[in-house]
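Heads up, the thing below is written out as structure tokens.
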Amino acid sequence: MSEEFIEAILEDATERMAKAVAHTKSEFSGVRSGRASSALIEKLPVEYYGSTVALQQLASFSVPEARLLVVTPFDKGSLNAVERSIREANLGLNPSNDGVQIRLAFPPLTEERRKDFVKMVKGRAEDGRTAVRSARRDARKDLDGLERDGDITEDEQRRAEDELDRLTKRHEAEIDAALDQKTVELMEA
């Protein structure tokens, strides 16, 4: 019985930590490197017939060249709204509209801008680590409650906390690896 309680708490913590890692990685994909990537604009809000919709629901994306992203709206009537949304996002991109699709040329990043992006990515990584630690803290609180109520022994609690610490380190290492990879990607010329 006590093993089931511990397993449920550890499972919940693992799930929350994995979500924090996945969210952090998706945040990283939204940070611009020198290459064209649809991840940068996919989630941009577009005002479309009175409602706000994510750009990925209104258009398809293609990357014909390393520094060129082509956005093709499914409805040509939304072309101007999509273009306006990209301009207002202030991403340092200048959309050009040919009446059918929007072309986004990605200019090479300056050294200073790269460093700014690295700082931003490090901040997002720290937010991810904080979310992982928050999941650990909540799980520890639950384990303490079980031990206090007499549902698990002190030894079982200690073993569960050790396992929780291993999970935390593993998920933090995943975030650190993704951060290192994104930093290298941002700093390469």
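A note on labels: chains of the structure tokens are A, B, ... as shown, every chain counts residues from 1, and ligands are counted from 1 in their shown order.
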
DSSP on the backbone, alpha helix (DSSP H) only: what residues of range 5-180 of chain A does that give? Format it as a ChimeraX atom specification. /A:5-29,79-88,111-149,154-180

Taking 3 positions as the minimum chain separation for residues in the same chain, which residues sit within 9 Å of range 154-156 of chain A when counting only C-alpha atoms? Answer as a ChimeraX atom specification. /A:2-3,6,147,159-161

Taking into account only C-alpha atoms, which residue in the set A:Ser134, A:Asn80, A:Ser38, A:Gln101 is nearest to Phe61 in chain A?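 Ranked by minimum distance to Phe61 in chain A, first place goes to A:Ser38.
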
For Arg67 in chain A, the closest of A:Arg103, A:Ala81, A:Leu55, A:Lys115 counting only C-alpha atoms is A:Arg103

Please give the complete set of residues from range 21-189 of chain A that DSSP, run on the backbone, assigns to strand (DSSP E or B), formatted as a ChimeraX atom specification. /A:45-48,51-54,59-65,68-73,95-97,102-105

Check the smallest atom-to-atom distance from each of A:Ala66, A:Leu58, A:Val100, A:Ala125 to Glu174 in chain A using only C-alpha atoms, then report the winner.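 Closest residue, counting only C-alpha atoms: A:Ala125.
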
Residues within 12 Å of Lys182 in chain A, please, as a list in words. Count only C-alpha atoms; anything in the same chain fewer than 5 positions from it doesn't count. Thr24, Lys25, Ser26, Glu27, Phe28, Ser29, Gly30, Val31, Arg32, Ser33, Gly34, Arg114, Lys115, Phe117, Val118, Lys119, Met120, Val121, Lys122, Arg124, Ala125, Ile175, Asp176, Ala177, Met187 and Glu188 of chain A

Residues from last step as file, C-alpha atoms, as an mmCIF file, in the first residue's frame:
```cif
data_model
loop_
_atom_site.group_PDB
_atom_site.id
_atom_site.type_symbol
_atom_site.label_atom_id
_atom_site.label_comp_id
_atom_site.auth_asym_id
_atom_site.auth_seq_id
_atom_site.Cartn_x
_atom_site.Cartn_y
_atom_site.Cartn_z
ATOM 1 C CA THR A 24 11.776 24.828 -21.994
ATOM 2 C CA LYS A 25 12.890 23.137 -25.215
ATOM 3 C CA SER A 26 9.917 24.596 -27.082
ATOM 4 C CA GLU A 27 10.815 28.030 -25.681
ATOM 5 C CA PHE A 28 14.343 27.550 -27.041
ATOM 6 C CA SER A 29 13.011 26.778 -30.511
ATOM 7 C CA GLY A 30 11.286 30.171 -30.531
ATOM 8 C CA VAL A 31 14.594 31.993 -30.084
ATOM 9 C CA ARG A 32 16.053 32.993 -33.403
ATOM 10 C CA SER A 33 19.377 31.673 -34.568
ATOM 11 C CA GLY A 34 20.915 32.608 -37.901
ATOM 12 C CA ARG A 114 23.749 36.762 -30.464
ATOM 13 C CA LYS A 115 24.886 37.488 -26.907
ATOM 14 C CA PHE A 117 19.805 35.826 -27.387
ATOM 15 C CA VAL A 118 22.157 33.661 -25.291
ATOM 16 C CA LYS A 119 21.193 35.669 -22.177
ATOM 17 C CA MET A 120 17.513 35.215 -23.034
ATOM 18 C CA VAL A 121 17.956 31.470 -23.501
ATOM 19 C CA LYS A 122 19.816 31.177 -20.186
ATOM 20 C CA ARG A 124 14.441 30.519 -20.006
ATOM 21 C CA ALA A 125 16.623 27.580 -18.948
ATOM 22 C CA ILE A 175 17.673 21.301 -19.720
ATOM 23 C CA ASP A 176 21.400 22.049 -19.424
ATOM 24 C CA ALA A 177 22.168 19.906 -22.489
ATOM 25 C CA MET A 187 27.033 31.658 -31.375
ATOM 26 C CA GLU A 188 28.047 29.958 -34.624
#
```

Distance query Gly92 in chain A at most 9 Å, only C-alpha atoms, self and fewer than 4 positions along chain excluded, as a list in words: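 Once the nearby chain positions are removed, what remains is Arg87, Phe106 and Pro107 of chain A.
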